[in-house]
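my_file.txt, holding compact mmCIF, C-alpha atoms:
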# COMPACT_ATOMS: atom_id res chain seq x y z
CA MET T 1 47.08 -11.94 -42.24
CA THR T 2 48.95 -9.01 -40.74
CA SER T 3 51.75 -10.02 -38.39
CA GLY T 4 51.07 -9.51 -34.71
CA GLN T 5 47.35 -10.40 -34.94
CA PRO T 6 46.32 -13.35 -32.75
CA VAL T 7 45.36 -16.51 -34.59
CA ARG T 8 41.90 -17.81 -33.72
CA PRO T 9 39.67 -20.53 -35.14
CA PRO T 10 37.28 -18.89 -37.63
CA GLY T 11 33.91 -18.06 -36.10
CA SER T 12 34.76 -19.36 -32.63
CA ARG T 13 35.32 -15.97 -31.01
CA GLY T 14 33.88 -12.54 -31.71
CA GLY T 15 35.76 -9.29 -31.91
CA ASP T 16 34.71 -5.81 -30.91
CA GLY T 17 31.98 -5.73 -33.55
CA PHE T 18 30.58 -8.93 -32.12
CA ALA T 19 30.54 -7.41 -28.63
CA GLY T 20 28.62 -4.40 -29.89
CA LYS T 21 25.99 -6.59 -31.57
CA VAL T 22 25.52 -8.69 -28.45
CA ALA T 23 25.19 -5.55 -26.33
CA VAL T 24 22.43 -4.31 -28.63
CA LEU T 25 20.76 -7.73 -28.43
CA ILE T 26 20.85 -7.59 -24.62
CA ALA T 27 19.22 -4.15 -24.68
CA VAL T 28 16.45 -5.40 -27.00
CA LEU T 29 15.84 -8.49 -24.87
CA ALA T 30 15.71 -6.41 -21.70
CA THR T 31 13.12 -4.12 -23.29
CA LEU T 32 10.98 -7.07 -24.40
CA GLY T 33 11.28 -8.73 -21.01
CA THR T 34 10.14 -5.56 -19.25
CA LEU T 35 7.24 -5.17 -21.68
CA PHE T 36 6.13 -8.79 -21.20
CA ALA T 37 6.32 -8.43 -17.42
CA PHE T 38 4.21 -5.24 -17.53
CA LEU T 39 1.58 -6.86 -19.75
CA GLY T 40 1.52 -9.92 -17.50
CA SER T 41 0.89 -7.72 -14.48
CA ALA T 42 -1.91 -5.95 -16.36
CA SER T 43 -3.50 -9.31 -17.25
CA HIS T 44 -3.29 -10.40 -13.61
CA ASN T 45 -5.01 -7.21 -12.49
CA ASP T 46 -7.73 -7.68 -15.10
CA ALA T 47 -8.26 -11.26 -13.96
CA ALA T 48 -8.64 -10.11 -10.35
CA MET T 49 -11.16 -7.46 -11.43
CA TYR T 50 -13.15 -10.02 -13.43
CA LYS T 51 -13.16 -12.42 -10.47
CA THR T 52 -14.54 -9.65 -8.27
CA SER T 53 -17.28 -8.90 -10.81
CA ALA T 54 -18.11 -12.61 -10.96
CA ALA T 55 -18.42 -12.77 -7.17
CA ILE T 56 -20.69 -9.69 -7.13
CA ASP T 57 -22.96 -11.16 -9.81
CA LYS T 58 -23.00 -14.51 -8.01
CA THR T 59 -24.16 -12.76 -4.85
CA SER T 60 -26.86 -10.95 -6.82
CA ALA T 61 -27.98 -14.30 -8.25
CA ALA T 62 -28.13 -15.82 -4.75
CA ASN T 63 -30.22 -12.88 -3.53
CA ALA T 64 -32.56 -13.26 -6.49
CA TRP T 65 -33.00 -16.98 -5.82
CA SER T 66 -33.75 -16.20 -2.17
CA HIS T 67 -36.40 -13.73 -3.32
CA TYR T 68 -37.72 -16.43 -5.67
CA GLN T 69 -37.99 -18.89 -2.78
CA ALA T 70 -39.83 -16.33 -0.67
CA LYS T 71 -42.36 -15.83 -3.47
CA SER T 72 -42.72 -19.61 -3.78
CA ASN T 73 -43.52 -19.87 -0.09
CA LYS T 74 -46.14 -17.14 -0.38
CA GLN T 75 -47.60 -18.85 -3.45
CA ASN T 76 -47.83 -22.14 -1.57
CA LEU T 77 -49.64 -20.44 1.32
CA ALA T 78 -52.04 -18.75 -1.09
CA GLU T 79 -52.77 -22.07 -2.80
CA LEU T 80 -53.42 -23.66 0.59
CA ALA T 81 -55.69 -20.81 1.61
CA SER T 82 -57.64 -21.00 -1.65
CA ASN T 83 -58.71 -24.52 -0.74
CA LEU T 84 -59.98 -23.64 2.73
CA PRO T 85 -63.74 -23.35 3.19
CA GLY T 86 -65.26 -19.99 3.99
CA VAL T 87 -62.58 -17.84 2.37
CA ASN T 88 -62.51 -15.64 -0.70
CA HIS T 89 -61.26 -18.24 -3.17
CA LEU T 90 -61.07 -15.76 -6.06
CA ARG T 91 -58.77 -13.48 -4.08
CA TYR T 92 -56.29 -16.22 -3.22
CA ARG T 93 -56.33 -17.59 -6.74
CA ASP T 94 -55.46 -14.12 -8.00
CA GLU T 95 -52.61 -14.04 -5.50
CA VAL T 96 -51.38 -17.44 -6.69
CA ALA T 97 -51.34 -16.17 -10.29
CA ARG T 98 -49.60 -12.95 -9.23
CA TYR T 99 -46.90 -14.80 -7.28
CA GLN T 100 -46.37 -17.15 -10.22
CA ALA T 101 -45.84 -14.20 -12.58
CA GLU T 102 -43.50 -12.47 -10.13
CA LYS T 103 -41.54 -15.71 -9.68
CA GLU T 104 -41.02 -15.95 -13.44
CA VAL T 105 -39.57 -12.44 -13.55
CA ILE T 106 -37.31 -13.16 -10.57
CA ARG T 107 -36.20 -16.50 -12.08
CA LYS T 108 -35.12 -14.81 -15.30
CA GLU T 109 -33.25 -12.18 -13.30
CA ALA T 110 -31.46 -14.84 -11.23
CA GLU T 111 -30.49 -16.78 -14.33
CA ARG T 112 -29.21 -13.58 -15.93
CA TRP T 113 -27.00 -12.90 -12.90
CA GLU T 114 -25.70 -16.47 -12.96
CA ALA T 115 -24.91 -16.27 -16.67
CA SER T 116 -23.11 -12.97 -16.09
CA SER T 117 -21.11 -14.50 -13.24
CA THR T 118 -20.11 -17.44 -15.44
CA GLU T 119 -19.04 -15.08 -18.20
CA TRP T 120 -16.90 -13.01 -15.81
CA ASN T 121 -15.29 -16.19 -14.49
CA GLN T 122 -14.47 -17.32 -18.01
CA ARG T 123 -12.93 -13.96 -18.82
CA ALA T 124 -10.90 -14.18 -15.63
CA GLU T 125 -9.62 -17.64 -16.58
CA ASN T 126 -8.66 -16.37 -20.03
CA GLU T 127 -6.73 -13.46 -18.50
CA LEU T 128 -4.98 -15.78 -16.05
CA HIS T 129 -3.92 -17.93 -18.99
CA ARG T 130 -2.60 -14.84 -20.75
CA GLN T 131 -0.81 -13.82 -17.55
CA ARG T 132 0.95 -17.19 -17.47
CA GLN T 133 1.94 -16.74 -21.12
CA TRP T 134 3.31 -13.24 -20.45
CA ALA T 135 5.17 -14.51 -17.38
CA ALA T 136 6.75 -17.39 -19.33
CA ALA T 137 7.69 -15.00 -22.13
CA SER T 138 9.29 -12.61 -19.63
CA VAL T 139 11.25 -15.42 -17.94
CA ALA T 140 12.46 -16.62 -21.35
CA GLN T 141 13.80 -13.14 -22.11
CA GLN T 142 15.58 -13.03 -18.76
CA ILE T 143 17.21 -16.38 -19.49
CA ALA T 144 18.17 -15.15 -22.96
CA ILE T 145 19.74 -12.04 -21.41
CA SER T 146 21.81 -14.23 -19.09
CA LEU T 147 22.94 -16.36 -22.01
CA ALA T 148 23.79 -13.26 -24.02
CA ALA T 149 25.86 -11.94 -21.13
CA ILE T 150 27.76 -15.23 -20.99
CA THR T 151 28.20 -15.03 -24.75
CA LEU T 152 29.65 -11.55 -24.41
CA LEU T 153 32.02 -12.53 -21.62
CA ALA T 154 33.16 -15.81 -23.15
CA ARG T 155 33.29 -14.38 -26.67
CA ARG T 156 31.90 -17.66 -27.99
CA THR T 157 29.67 -17.10 -30.98
CA TRP T 158 28.02 -20.53 -30.78
CA LEU T 159 26.36 -19.45 -27.53
CA LEU T 160 24.50 -16.85 -29.57
CA THR T 161 22.54 -19.68 -31.21
CA LEU T 162 21.15 -20.80 -27.86
CA THR T 163 20.45 -17.18 -26.87
CA CYS T 164 18.40 -16.55 -30.01
CA ALA T 165 16.50 -19.84 -29.58
CA VAL T 166 15.41 -18.97 -26.04
CA ALA T 167 14.55 -15.41 -27.07
CA ALA T 168 12.44 -16.65 -30.01
CA PHE T 169 10.66 -19.07 -27.67
CA GLY T 170 9.66 -16.21 -25.37
CA ILE T 171 8.73 -13.86 -28.18
CA THR T 172 6.42 -16.51 -29.68
CA LEU T 173 4.65 -16.90 -26.34
CA GLY T 174 4.30 -13.14 -26.17
CA ILE T 175 2.76 -13.06 -29.64
CA PHE T 176 0.26 -15.75 -28.68
CA ALA T 177 -0.64 -13.85 -25.51
CA ALA T 178 -1.15 -10.64 -27.50
CA LEU T 179 -3.39 -12.49 -29.98
CA HIS T 180 -5.45 -14.12 -27.18
CA THR T 181 -4.62 -17.60 -28.43
CA ALA T 182 -4.37 -20.78 -26.42
CA PRO T 183 -0.84 -22.22 -26.90
CA SER T 184 1.27 -22.40 -23.73
CA MET T 185 4.98 -22.77 -23.16
CA LEU T 186 4.60 -26.56 -23.63
CA SER T 187 2.99 -26.14 -27.04
CA PRO T 188 5.04 -27.37 -30.04
CA ILE T 189 4.70 -24.03 -31.82
CA PRO T 190 7.01 -22.02 -29.50
CA LEU T 191 9.42 -24.94 -29.51
CA LEU T 192 9.43 -25.02 -33.30
CA SER T 193 9.97 -21.27 -33.32
CA ALA T 194 12.98 -21.70 -31.02
CA LEU T 195 14.42 -24.41 -33.25
CA GLY T 196 13.87 -22.25 -36.32
CA ALA T 197 15.63 -19.29 -34.71
CA ALA T 198 18.51 -21.52 -33.66
CA ALA T 199 18.86 -22.91 -37.18
CA LEU T 200 18.72 -19.45 -38.73
CA THR T 201 21.28 -18.08 -36.28
CA GLU T 202 23.57 -21.01 -36.96
CA VAL T 203 23.32 -20.37 -40.71
CA PHE T 204 24.31 -16.73 -40.26
CA ARG T 205 27.09 -17.71 -37.88
CA ARG T 206 28.57 -20.16 -40.37
CA MET T 207 28.25 -17.62 -43.18
CA GLY T 208 30.12 -15.09 -41.06
CA ARG T 209 32.80 -17.64 -40.28
CA ARG T 210 33.31 -18.33 -43.97
CA LEU T 211 33.64 -14.63 -44.67
CA ASP T 212 36.33 -14.42 -41.99
CA THR T 213 38.39 -17.15 -43.66
What do you get writing this file as structure tokens?
Amino acid sequence: MTSGQPVRPPGSRGGDGFAGKVAVLIAVLATLGTLFAFLGSASHNDAAMYKTSAAIDKTSAANAWSHYQAKSNKQNLAELASNLPGVNHLRYRDEVARYQAEKEVIRKEAERWEASSTEWNQRAENELHRQRQWAAASVAQQIAISLAAITLLARRTWLLTLTCAVAAFGITLGIFAALHTAPSMLSPIPLLSALGAAALTEVFRRMGRRLDT
């Protein structure tokens, strides 16, 4: 070792090269966090749009069922009239048959509107779930950025392990959100991803420490 250089425990502190790598990591994490936040906002907007469509279709279904009830009332009156003496029974029976046919058409329309409303609601719930995934992924990147900043200030390389674990946790959630899959932040898969990233980072950190010795 050249005289005049400070003695430090191998791998415990990073030099200027370490600072540059952490700065690049912070920039990458900030970009990912911004991207996740944008996608989360887009999912929230989509969910609101789907909820509006569901409400519109639900209103259309309610109107159709009201129309169906009105036809039922008319059919009941026609059936009553067809049993009265001194009236044109054939005419009222024809009306009963006509109202029955019209009711069937209206019923199918109402059921179609209800099915459409249910589908829009389901799509809205799926988007809200994705929005929660994107939000959790964005928060994880913000936490990772804070940890990386502490790592840079303290010059402690072991903090980089925790930074990479949190970042991997958020990135995994982001991947699941992009793939429209169900796992949430409490799922074991993001946790396993975080542990894997921490282990891999620790391996590289120890290898670098050995190279320094």
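The two atoms in question, CA of Lys108 (chain T) and CA of Ala81 (chain T), are spaced 27.3 Å apart.
Protein, DNA and RNA residues at most 7 Å from (9.2, -12.8, -23.0), with all atoms listed in the file, are these: Leu32, Gly33, Phe36, Trp134, Ala136, Ala137, Ser138, Val139, Ala140, Gln141, Gly170, Ile171, Leu173 and Gly174 of chain T.
Nearest to Ala178 (chain T) of all the residues T:Ala78, T:Val22, T:Met49, T:Leu39 is T:Leu39, counting only C-alpha atoms.
For the set T:Trp158, T:Tyr92, T:Tyr99, T:Phe176, the residue with the smallest atom-to-atom gap to Arg130 (chain T) is T:Phe176, counting only C-alpha atoms.
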| request: Pick out the residues sitting within 12 Å of Glu119 (chain T), and hand them over as a PyMOL selection string; count only C-alpha atoms, and ignore anything fewer than 3 positions along from it in its own chain. | output: chain T and resi 50-51+53-55+57-58+112-116+122-126
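Nearest to Ala177 (chain T) of all the residues T:Ala37, T:Val87, T:Val105, T:Leu195 is T:Ala37, counting all atoms listed in the file.
One distance worth recording is that between CA of Asn45 (chain T) and CA of Ala61 (chain T), which is 24.4 Å.
Considering all atoms listed in the file, the residue among T:Leu159, T:Leu152, T:Ala199, T:Ala165 positioned nearest to Gly20 (chain T) is T:Leu152.
For the pair CA of Gln131 (chain T) and CA of Ser43 (chain T), the interatomic distance is 5.3 Å.
The closest residue to Ile143 (chain T), picked from T:Gly17, T:Ser66, T:Arg155, T:Ala30 and counting only C-alpha atoms, is T:Ala30.
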Write out as a CSV table (one decimal) with C-alpha atoms, in the coordinates of the input which residues come within 8 Å of Thr161 (chain T) when counting only C-alpha atoms, dropping same-chain ones fewer than 6 positions away.
chain,number,residue,atom,x,y,z
T,197,ALA,CA,15.6,-19.3,-34.7
T,198,ALA,CA,18.5,-21.5,-33.7
T,199,ALA,CA,18.9,-22.9,-37.2
T,201,THR,CA,21.3,-18.1,-36.3
T,202,GLU,CA,23.6,-21.0,-37.0
| request: Taking (22.7, -9.4, -28.1) in the file's own coordinates, collect the residues within 9 Å, counting all atoms listed in the file, and hand them back as a VMD selection string. | output: chain T and resid 18 to 29 144 to 145 148 to 149 151 to 152 160 163 to 164
| said: I'd like the contact shell of Asn83 (chain T) - 12 Å cut-off, all atoms listed in the file, skipping same-chain residues fewer than 6 positions apart - returned as JSON, numbers by chain. | reply: {"T": [76, 77, 89, 90, 91, 92, 93, 96]}
Please return the centre and edge lengths, in Å to one decimal, of a box with edges along x, y and z that contains all listed atoms of region 71-84 of chain T, widened by 6 Å on every side, as JSON.
{"center_x": -51.2, "center_y": -20.2, "center_z": -0.5, "size_x": 29.6, "size_y": 20.7, "size_z": 18.5}
| query | Could you name the residues that touch Lys103 (chain T) at 7 Å or less, counting all atoms listed in the file, but leaving out those on the same chain fewer than 4 positions away, as a list in words? | reply | Tyr68, Lys71, Tyr99 and Arg107 of chain T
Write out, as a PDB file, keeping the file's coordinate frame, the residues just selected, with C-alpha atoms.
ATOM      1  CA  TYR T  68     -37.720 -16.430  -5.670  1.00  0.00           C
ATOM      2  CA  LYS T  71     -42.360 -15.830  -3.470  1.00  0.00           C
ATOM      3  CA  TYR T  99     -46.900 -14.800  -7.280  1.00  0.00           C
ATOM      4  CA  ARG T 107     -36.200 -16.500 -12.080  1.00  0.00           C
TER       5      ARG T 107
END
